[in-house]
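Below: input16.txt (compact mmCIF, N, CA and C atoms and all ligand atoms)
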# COMPACT_ATOMS: atom_id res chain seq x y z
N MET A 1 -10.77 -12.13 4.55
CA MET A 1 -10.70 -12.02 6.04
C MET A 1 -11.87 -11.15 6.50
N ASP A 2 -12.77 -11.73 7.29
CA ASP A 2 -13.96 -11.02 7.75
C ASP A 2 -13.58 -9.76 8.53
N GLY A 3 -14.22 -8.67 8.18
CA GLY A 3 -14.02 -7.45 8.95
C GLY A 3 -12.81 -6.63 8.54
N CYS A 4 -12.04 -7.10 7.60
CA CYS A 4 -10.83 -6.37 7.19
C CYS A 4 -11.20 -5.32 6.15
N LEU A 5 -10.90 -4.06 6.46
CA LEU A 5 -11.25 -2.96 5.56
C LEU A 5 -10.65 -3.15 4.17
N PHE A 6 -9.39 -3.50 4.09
CA PHE A 6 -8.75 -3.58 2.78
C PHE A 6 -9.23 -4.82 2.02
N CYS A 7 -9.56 -5.91 2.71
CA CYS A 7 -10.17 -7.05 2.02
C CYS A 7 -11.51 -6.63 1.40
N LYS A 8 -12.26 -5.78 2.12
CA LYS A 8 -13.54 -5.31 1.59
C LYS A 8 -13.32 -4.39 0.38
N ILE A 9 -12.28 -3.57 0.43
CA ILE A 9 -11.97 -2.71 -0.72
C ILE A 9 -11.57 -3.57 -1.92
N ILE A 10 -10.73 -4.57 -1.69
CA ILE A 10 -10.30 -5.46 -2.78
C ILE A 10 -11.51 -6.16 -3.39
N ALA A 11 -12.47 -6.55 -2.54
CA ALA A 11 -13.67 -7.26 -3.01
C ALA A 11 -14.67 -6.32 -3.66
N GLY A 12 -14.43 -5.01 -3.59
CA GLY A 12 -15.35 -4.04 -4.17
C GLY A 12 -16.55 -3.74 -3.29
N GLU A 13 -16.50 -4.21 -2.04
CA GLU A 13 -17.62 -3.97 -1.11
C GLU A 13 -17.58 -2.55 -0.54
N ILE A 14 -16.40 -1.95 -0.55
CA ILE A 14 -16.22 -0.56 -0.15
C ILE A 14 -15.55 0.14 -1.32
N PRO A 15 -16.08 1.30 -1.76
CA PRO A 15 -15.51 1.97 -2.94
C PRO A 15 -14.09 2.47 -2.70
N SER A 16 -13.32 2.53 -3.77
CA SER A 16 -11.96 3.06 -3.70
C SER A 16 -11.60 3.62 -5.06
N ALA A 17 -10.59 4.46 -5.06
CA ALA A 17 -10.08 5.05 -6.30
C ALA A 17 -8.94 4.17 -6.80
N LYS A 18 -9.29 3.23 -7.67
CA LYS A 18 -8.30 2.25 -8.13
C LYS A 18 -7.25 2.88 -9.02
N VAL A 19 -6.00 2.49 -8.79
CA VAL A 19 -4.87 2.94 -9.60
C VAL A 19 -4.35 1.79 -10.46
N TYR A 20 -4.34 0.60 -9.90
CA TYR A 20 -3.81 -0.58 -10.60
C TYR A 20 -4.36 -1.83 -9.93
N GLU A 21 -4.55 -2.87 -10.76
CA GLU A 21 -5.00 -4.16 -10.21
C GLU A 21 -4.50 -5.27 -11.10
N ASP A 22 -4.06 -6.36 -10.49
CA ASP A 22 -3.81 -7.58 -11.25
C ASP A 22 -4.26 -8.76 -10.40
N ASP A 23 -3.79 -9.95 -10.73
CA ASP A 23 -4.29 -11.13 -10.02
C ASP A 23 -3.87 -11.18 -8.56
N CYS A 24 -2.80 -10.51 -8.21
CA CYS A 24 -2.28 -10.67 -6.84
C CYS A 24 -2.23 -9.38 -6.02
N MET A 25 -2.46 -8.23 -6.65
CA MET A 25 -2.35 -6.98 -5.88
C MET A 25 -3.40 -5.97 -6.31
N TYR A 26 -3.62 -4.98 -5.46
CA TYR A 26 -4.57 -3.91 -5.73
C TYR A 26 -3.94 -2.61 -5.23
N ALA A 27 -4.01 -1.57 -6.04
CA ALA A 27 -3.46 -0.27 -5.65
C ALA A 27 -4.56 0.78 -5.78
N PHE A 28 -4.64 1.66 -4.79
CA PHE A 28 -5.71 2.66 -4.75
C PHE A 28 -5.23 3.89 -3.99
N ARG A 29 -5.96 5.00 -4.17
CA ARG A 29 -5.55 6.25 -3.54
C ARG A 29 -5.96 6.28 -2.07
N ASP A 30 -5.02 6.73 -1.24
CA ASP A 30 -5.32 6.87 0.19
C ASP A 30 -6.42 7.90 0.37
N ILE A 31 -7.37 7.58 1.25
CA ILE A 31 -8.52 8.47 1.46
C ILE A 31 -8.12 9.75 2.19
N ASN A 32 -6.98 9.71 2.86
CA ASN A 32 -6.50 10.87 3.63
C ASN A 32 -5.06 11.16 3.21
N PRO A 33 -4.88 11.67 1.99
CA PRO A 33 -3.52 11.77 1.43
C PRO A 33 -2.60 12.66 2.25
N GLN A 34 -1.39 12.19 2.44
CA GLN A 34 -0.38 12.95 3.19
C GLN A 34 0.68 13.54 2.26
N ALA A 35 0.44 13.45 0.97
CA ALA A 35 1.31 14.05 -0.04
C ALA A 35 0.45 14.20 -1.30
N PRO A 36 0.89 15.01 -2.27
CA PRO A 36 0.08 15.17 -3.49
C PRO A 36 -0.27 13.83 -4.15
N THR A 37 0.68 12.90 -4.14
CA THR A 37 0.38 11.53 -4.55
C THR A 37 0.54 10.64 -3.33
N HIS A 38 -0.52 9.91 -2.98
CA HIS A 38 -0.47 8.97 -1.85
C HIS A 38 -1.30 7.75 -2.24
N ILE A 39 -0.59 6.69 -2.57
CA ILE A 39 -1.21 5.47 -3.07
C ILE A 39 -0.88 4.34 -2.11
N LEU A 40 -1.84 3.44 -1.92
CA LEU A 40 -1.63 2.24 -1.12
C LEU A 40 -1.60 1.04 -2.06
N VAL A 41 -0.63 0.17 -1.89
CA VAL A 41 -0.55 -1.06 -2.67
C VAL A 41 -0.67 -2.22 -1.69
N VAL A 42 -1.62 -3.11 -1.96
CA VAL A 42 -1.90 -4.20 -1.02
C VAL A 42 -1.92 -5.53 -1.77
N PRO A 43 -1.47 -6.61 -1.10
CA PRO A 43 -1.67 -7.93 -1.70
C PRO A 43 -3.15 -8.30 -1.59
N LYS A 44 -3.66 -9.04 -2.57
CA LYS A 44 -5.05 -9.48 -2.47
C LYS A 44 -5.22 -10.51 -1.36
N GLU A 45 -4.18 -11.28 -1.13
CA GLU A 45 -4.20 -12.22 -0.01
C GLU A 45 -4.12 -11.43 1.29
N HIS A 46 -4.92 -11.82 2.27
CA HIS A 46 -4.86 -11.13 3.56
C HIS A 46 -3.61 -11.55 4.31
N ILE A 47 -2.67 -10.62 4.41
CA ILE A 47 -1.47 -10.78 5.24
C ILE A 47 -1.55 -9.63 6.24
N PRO A 48 -1.52 -9.88 7.54
CA PRO A 48 -1.82 -8.82 8.51
C PRO A 48 -0.82 -7.67 8.52
N SER A 49 0.44 -7.95 8.27
CA SER A 49 1.46 -6.89 8.33
C SER A 49 2.77 -7.46 7.79
N MET A 50 3.83 -6.67 7.82
CA MET A 50 5.15 -7.18 7.44
C MET A 50 5.53 -8.40 8.27
N ASP A 51 5.07 -8.45 9.51
CA ASP A 51 5.37 -9.60 10.37
C ASP A 51 4.78 -10.89 9.83
N GLY A 52 3.80 -10.78 8.93
CA GLY A 52 3.16 -11.97 8.37
C GLY A 52 3.78 -12.44 7.07
N VAL A 53 4.85 -11.79 6.63
CA VAL A 53 5.51 -12.19 5.38
C VAL A 53 6.40 -13.40 5.65
N THR A 54 6.21 -14.44 4.84
CA THR A 54 6.93 -15.71 5.01
C THR A 54 7.48 -16.16 3.66
N ALA A 55 8.26 -17.24 3.70
CA ALA A 55 8.77 -17.82 2.45
C ALA A 55 7.61 -18.27 1.56
N GLU A 56 6.48 -18.62 2.16
CA GLU A 56 5.33 -19.12 1.39
C GLU A 56 4.59 -18.00 0.66
N ASN A 57 4.57 -16.79 1.22
CA ASN A 57 3.75 -15.72 0.61
C ASN A 57 4.57 -14.53 0.11
N SER A 58 5.89 -14.60 0.19
CA SER A 58 6.68 -13.40 -0.13
C SER A 58 6.73 -13.08 -1.62
N ALA A 59 6.30 -14.01 -2.46
CA ALA A 59 6.33 -13.73 -3.91
C ALA A 59 5.47 -12.52 -4.24
N VAL A 60 4.35 -12.37 -3.54
CA VAL A 60 3.49 -11.22 -3.83
C VAL A 60 4.17 -9.92 -3.42
N VAL A 61 4.98 -9.97 -2.38
CA VAL A 61 5.71 -8.77 -1.97
C VAL A 61 6.72 -8.39 -3.05
N ALA A 62 7.39 -9.39 -3.59
CA ALA A 62 8.33 -9.12 -4.68
C ALA A 62 7.60 -8.51 -5.88
N LYS A 63 6.43 -9.05 -6.20
CA LYS A 63 5.67 -8.51 -7.34
C LYS A 63 5.23 -7.08 -7.07
N ILE A 64 4.81 -6.81 -5.85
CA ILE A 64 4.43 -5.44 -5.49
C ILE A 64 5.63 -4.50 -5.68
N PHE A 65 6.81 -4.95 -5.25
CA PHE A 65 7.99 -4.09 -5.37
C PHE A 65 8.45 -3.95 -6.82
N GLU A 66 8.11 -4.91 -7.67
CA GLU A 66 8.36 -4.71 -9.11
C GLU A 66 7.41 -3.68 -9.68
N MET A 67 6.18 -3.66 -9.17
CA MET A 67 5.15 -2.77 -9.74
C MET A 67 5.27 -1.34 -9.22
N ILE A 68 5.75 -1.15 -8.02
CA ILE A 68 5.78 0.20 -7.44
C ILE A 68 6.51 1.20 -8.35
N PRO A 69 7.67 0.89 -8.92
CA PRO A 69 8.30 1.89 -9.81
C PRO A 69 7.45 2.20 -11.03
N LYS A 70 6.69 1.23 -11.52
CA LYS A 70 5.82 1.48 -12.68
C LYS A 70 4.67 2.39 -12.29
N ILE A 71 4.09 2.13 -11.12
CA ILE A 71 3.02 3.00 -10.64
C ILE A 71 3.55 4.43 -10.44
N ALA A 72 4.73 4.54 -9.83
CA ALA A 72 5.32 5.86 -9.60
C ALA A 72 5.57 6.57 -10.92
N ALA A 73 6.05 5.84 -11.92
CA ALA A 73 6.29 6.46 -13.23
C ALA A 73 4.98 6.91 -13.86
N ASP A 74 3.95 6.07 -13.76
CA ASP A 74 2.64 6.44 -14.31
C ASP A 74 2.08 7.69 -13.63
N GLU A 75 2.43 7.87 -12.36
CA GLU A 75 1.95 9.03 -11.60
C GLU A 75 2.81 10.26 -11.85
N GLY A 76 3.89 10.08 -12.63
CA GLY A 76 4.75 11.22 -12.96
C GLY A 76 5.68 11.62 -11.84
N LEU A 77 6.03 10.67 -10.98
CA LEU A 77 6.88 11.01 -9.83
C LEU A 77 8.35 10.99 -10.23
N THR A 78 8.70 11.88 -11.15
CA THR A 78 10.06 11.88 -11.69
C THR A 78 11.09 12.35 -10.67
N GLY A 79 10.64 13.08 -9.66
CA GLY A 79 11.57 13.58 -8.64
C GLY A 79 11.86 12.58 -7.54
N GLY A 80 11.20 11.45 -7.58
CA GLY A 80 11.38 10.44 -6.55
C GLY A 80 10.12 10.24 -5.74
N TYR A 81 10.20 9.33 -4.81
CA TYR A 81 9.03 9.01 -3.98
C TYR A 81 9.51 8.20 -2.78
N ARG A 82 8.62 8.05 -1.81
CA ARG A 82 8.93 7.30 -0.59
C ARG A 82 7.97 6.13 -0.49
N VAL A 83 8.48 4.98 -0.05
CA VAL A 83 7.66 3.78 0.17
C VAL A 83 7.75 3.42 1.64
N ILE A 84 6.58 3.28 2.27
CA ILE A 84 6.52 3.02 3.72
C ILE A 84 5.54 1.88 3.98
N SER A 85 5.90 0.99 4.90
CA SER A 85 4.95 0.02 5.43
C SER A 85 5.01 0.09 6.95
N ASN A 86 3.93 0.54 7.55
CA ASN A 86 3.87 0.60 9.01
C ASN A 86 3.52 -0.78 9.54
N CYS A 87 4.27 -1.23 10.53
CA CYS A 87 4.07 -2.57 11.10
C CYS A 87 3.95 -2.46 12.62
N GLY A 88 2.74 -2.71 13.12
CA GLY A 88 2.54 -2.76 14.56
C GLY A 88 2.31 -1.41 15.20
N PRO A 89 2.02 -1.43 16.49
CA PRO A 89 1.61 -0.19 17.18
C PRO A 89 2.67 0.89 17.24
N ASP A 90 3.93 0.54 17.40
CA ASP A 90 4.95 1.59 17.46
C ASP A 90 5.04 2.35 16.15
N ALA A 91 4.69 1.69 15.05
CA ALA A 91 4.72 2.34 13.74
C ALA A 91 3.37 2.94 13.36
N CYS A 92 2.40 2.86 14.30
CA CYS A 92 1.06 3.43 14.07
C CYS A 92 0.32 2.73 12.93
N GLN A 93 0.50 1.41 12.78
CA GLN A 93 -0.29 0.69 11.78
C GLN A 93 -1.74 0.71 12.22
N THR A 94 -2.62 1.19 11.35
CA THR A 94 -4.05 1.28 11.71
C THR A 94 -4.89 0.24 10.99
N VAL A 95 -4.48 -0.19 9.82
CA VAL A 95 -5.24 -1.21 9.08
C VAL A 95 -4.39 -2.47 9.04
N LYS A 96 -4.94 -3.55 9.58
CA LYS A 96 -4.15 -4.78 9.78
C LYS A 96 -4.20 -5.68 8.54
N HIS A 97 -3.88 -5.08 7.41
CA HIS A 97 -3.73 -5.80 6.14
C HIS A 97 -2.50 -5.17 5.49
N LEU A 98 -1.49 -5.98 5.24
CA LEU A 98 -0.22 -5.47 4.71
C LEU A 98 -0.44 -4.46 3.58
N HIS A 99 0.20 -3.33 3.69
CA HIS A 99 0.08 -2.32 2.63
C HIS A 99 1.35 -1.49 2.57
N PHE A 100 1.61 -1.00 1.38
CA PHE A 100 2.77 -0.16 1.12
C PHE A 100 2.26 1.21 0.66
N HIS A 101 2.64 2.23 1.40
CA HIS A 101 2.31 3.59 1.01
C HIS A 101 3.34 4.05 -0.03
N ILE A 102 2.86 4.64 -1.12
CA ILE A 102 3.72 5.37 -2.06
C ILE A 102 3.38 6.84 -1.88
N LEU A 103 4.39 7.60 -1.49
CA LEU A 103 4.19 9.03 -1.23
C LEU A 103 5.11 9.83 -2.13
N GLY A 104 4.55 10.84 -2.80
CA GLY A 104 5.39 11.64 -3.67
C GLY A 104 4.68 12.89 -4.13
N GLY A 105 5.36 13.60 -5.02
CA GLY A 105 4.78 14.82 -5.57
C GLY A 105 5.21 16.08 -4.86
N ARG A 106 6.03 15.93 -3.84
CA ARG A 106 6.63 17.10 -3.18
C ARG A 106 7.91 16.64 -2.48
N GLN A 107 8.71 17.61 -2.06
CA GLN A 107 9.91 17.29 -1.29
C GLN A 107 9.49 16.72 0.06
N MET A 108 10.00 15.52 0.40
CA MET A 108 9.70 14.90 1.69
C MET A 108 10.60 15.49 2.78
N ALA A 109 10.16 15.36 4.02
CA ALA A 109 11.02 15.70 5.15
C ALA A 109 12.23 14.77 5.14
N ASP A 110 13.39 15.28 5.56
CA ASP A 110 14.57 14.42 5.51
C ASP A 110 14.62 13.44 6.67
N ARG A 111 13.86 13.69 7.73
CA ARG A 111 13.71 12.70 8.79
C ARG A 111 12.46 11.88 8.50
N MET A 112 12.53 10.58 8.74
CA MET A 112 11.38 9.73 8.43
C MET A 112 10.45 9.57 9.61
N ALA A 113 10.89 9.86 10.79
CA ALA A 113 10.06 9.65 11.97
C ALA A 113 10.46 10.65 13.06
P1 LIG A 201 -1.52 2.70 8.22
O1 LIG A 201 -1.71 3.78 9.23
O2 LIG A 201 -0.11 2.52 7.77
O3 LIG A 201 -2.16 1.40 8.68
O4 LIG A 201 -2.27 3.17 6.92
C1 LIG A 201 -3.62 3.00 6.69
C2 LIG A 201 -4.00 3.99 5.64
O5 LIG A 201 -5.27 3.62 5.13
C3 LIG A 201 -4.12 5.43 6.14
O6 LIG A 201 -3.21 6.25 5.42
C4 LIG A 201 -5.58 5.78 5.83
O7 LIG A 201 -5.75 7.11 5.41
C5 LIG A 201 -5.93 4.79 4.75
N1 LIG A 201 -7.34 4.48 4.62
C6 LIG A 201 -8.21 4.18 5.62
N2 LIG A 201 -9.43 3.91 5.10
C7 LIG A 201 -9.33 4.05 3.76
C8 LIG A 201 -10.25 3.92 2.67
N3 LIG A 201 -11.53 3.57 2.86
N4 LIG A 201 -9.80 4.15 1.42
C9 LIG A 201 -8.50 4.51 1.21
N5 LIG A 201 -7.59 4.63 2.19
C10 LIG A 201 -7.99 4.41 3.45
ZN ZN A 202 -7.46 -8.05 4.68
For this file, write the structure as structure tokens.
Amino acid sequence: MDGCLFCKIIAGEIPSAKVYEDDCMYAFRDINPQAPTHILVVPKEHIPSMDGVTAENSAVVAKIFEMIPKIAADEGLTGGYRVISNCGPDACQTVKHLHFHILGGRQMADRMA
């Protein structure tokens, strides 16, 4: 997708700190971490947000959710972690390519918003 920041990161056109990659997803460290561990997991296919998830493309979301616990374990997040996907302006989504934040490494606030 032309002009999409995360598509450019997936393509290697913009550098990133890679955590994991396979044929359908890419995981990398958030450039502005909001917790000691802050990783973004994105499908390689350009899906604009959660609103773009359909029966045709949801398999990659399932694969991402299978991988997230493995990534968290590799990061040593034994105390737990939070997974967030911001969708649309009310949720402050800033990059219009579906992504899942993995946040951990400290006690999270008990309110999510
Ligand atoms: P969201 O606000 O949910 O759309 O999240 C977008 C996230 O992308 C934010 O947490 C940003 O810090 C992060 N981000 C923006 N540019 C980069 C980049 N070049 N490399 C890594 N993370 C980025
Ligand atoms: Zn994209």
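Taking atom CA of Glu13 of chain A as the reference point, atom C7 of ligand LIG 201 (chain A) is found at 12.5 Å.
Put simply, atom C of Ile102 of chain A is 23.5 Å away from atom C of Gly3 of chain A.
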Grab me every residue within 6.5 Å of ligand ZN 202 (chain A), counting only N, CA and C atoms and all ligand atoms, and send it over as a PDB file with N, CA and C atoms, in the coordinates of the input.
ATOM      1  N   MET A   1     -10.770 -12.130   4.550  1.00  0.00           N
ATOM      2  CA  MET A   1     -10.700 -12.020   6.040  1.00  0.00           C
ATOM      3  C   MET A   1     -11.870 -11.150   6.500  1.00  0.00           C
ATOM      4  N   CYS A   4     -12.040  -7.100   7.600  1.00  0.00           N
ATOM      5  CA  CYS A   4     -10.830  -6.370   7.190  1.00  0.00           C
ATOM      6  C   CYS A   4     -11.200  -5.320   6.150  1.00  0.00           C
ATOM      7  N   LEU A   5     -10.900  -4.060   6.460  1.00  0.00           N
ATOM      8  CA  LEU A   5     -11.250  -2.960   5.560  1.00  0.00           C
ATOM      9  C   LEU A   5     -10.650  -3.150   4.170  1.00  0.00           C
ATOM     10  N   PHE A   6      -9.390  -3.500   4.090  1.00  0.00           N
ATOM     11  CA  PHE A   6      -8.750  -3.580   2.780  1.00  0.00           C
ATOM     12  C   PHE A   6      -9.230  -4.820   2.020  1.00  0.00           C
ATOM     13  N   CYS A   7      -9.560  -5.910   2.710  1.00  0.00           N
ATOM     14  CA  CYS A   7     -10.170  -7.050   2.020  1.00  0.00           C
ATOM     15  C   CYS A   7     -11.510  -6.630   1.400  1.00  0.00           C
ATOM     16  N   LYS A   8     -12.260  -5.780   2.120  1.00  0.00           N
ATOM     17  CA  LYS A   8     -13.540  -5.310   1.590  1.00  0.00           C
ATOM     18  C   LYS A   8     -13.320  -4.390   0.380  1.00  0.00           C
ATOM     19  N   GLU A  45      -4.180 -11.280  -1.130  1.00  0.00           N
ATOM     20  CA  GLU A  45      -4.200 -12.220  -0.010  1.00  0.00           C
ATOM     21  C   GLU A  45      -4.120 -11.430   1.290  1.00  0.00           C
ATOM     22  N   HIS A  46      -4.920 -11.820   2.270  1.00  0.00           N
ATOM     23  CA  HIS A  46      -4.860 -11.130   3.560  1.00  0.00           C
ATOM     24  C   HIS A  46      -3.610 -11.550   4.310  1.00  0.00           C
ATOM     25  N   ILE A  47      -2.670 -10.620   4.410  1.00  0.00           N
ATOM     26  CA  ILE A  47      -1.470 -10.780   5.240  1.00  0.00           C
ATOM     27  C   ILE A  47      -1.550  -9.630   6.240  1.00  0.00           C
ATOM     28  N   LYS A  96      -4.940  -3.550   9.580  1.00  0.00           N
ATOM     29  CA  LYS A  96      -4.150  -4.780   9.780  1.00  0.00           C
ATOM     30  C   LYS A  96      -4.200  -5.680   8.540  1.00  0.00           C
ATOM     31  N   HIS A  97      -3.880  -5.080   7.410  1.00  0.00           N
ATOM     32  CA  HIS A  97      -3.730  -5.800   6.140  1.00  0.00           C
ATOM     33  C   HIS A  97      -2.500  -5.170   5.490  1.00  0.00           C
ATOM     34  N   LEU A  98      -1.490  -5.980   5.240  1.00  0.00           N
ATOM     35  CA  LEU A  98      -0.220  -5.470   4.710  1.00  0.00           C
ATOM     36  C   LEU A  98      -0.440  -4.460   3.580  1.00  0.00           C
TER      37      LEU A  98
END
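Of the residues listed (A:Arg111, A:Arg29, A:His99, A:Arg82), A:His99 shows the shortest atom-to-atom separation from Val60 of chain A; distances use only C-alpha atoms.
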Quiz item: Rounded to one decimal in Å, what is the spacing between atom CA of Asp30 of chain A and atom C10 of ligand LIG 201 (chain A)?
Solution: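 Calculated distance between atom CA of Asp30 of chain A and atom C10 of ligand LIG 201 (chain A) is 4.9 Å.
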Exercise. As JSON, numbers by chain, list the residues of chain A assigned to strand (DSSP E) by DSSP on the backbone atoms of this structure.
Key: {"A": [18, 19, 20, 21, 25, 26, 27, 28, 29, 37, 38, 39, 40, 41, 42, 43, 81, 82, 83, 84, 100, 101, 102, 103, 104]}
Self-check item: Contacts of Ala27 of chain A at 6.5 Å (all atoms listed in the file; same-chain gap of 6+ positions) as a ChimeraX atom specification
Solution: /A:17-21,39-42
Per-residue nearest contacts of chain A to ligand LIG 201 (chain A) (6 Å; only C-alpha atoms and all ligand atoms) as a Markdown table:
| residue | atom | partner | partner_atom | distance |
| --- | --- | --- | --- | --- |
| A:Ser16 | CA | A:LIG201 | N4 | 5.7 |
| A:Arg29 | CA | A:LIG201 | C9 | 5.9 |
| A:Asp30 | CA | A:LIG201 | N5 | 3.8 |
| A:Ile31 | CA | A:LIG201 | C9 | 4.0 |
| A:Asn32 | CA | A:LIG201 | O7 | 4.2 |
| A:Asn86 | CA | A:LIG201 | O2 | 4.6 |
| A:Cys92 | CA | A:LIG201 | O1 | 5.6 |
| A:Gln93 | CA | A:LIG201 | O3 | 3.7 |
| A:Thr94 | CA | A:LIG201 | O3 | 3.6 |
| A:Val95 | CA | A:LIG201 | O3 | 4.1 |
Exercise. Identify which of the residues A:His101, A:Thr37, A:Lys44, A:Tyr26 lies closest to Glu75 of chain A, counting only N, CA and C atoms when measuring atom-to-atom distances.
Key: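 The answer is A:Thr37, which sits nearest to Glu75 of chain A.
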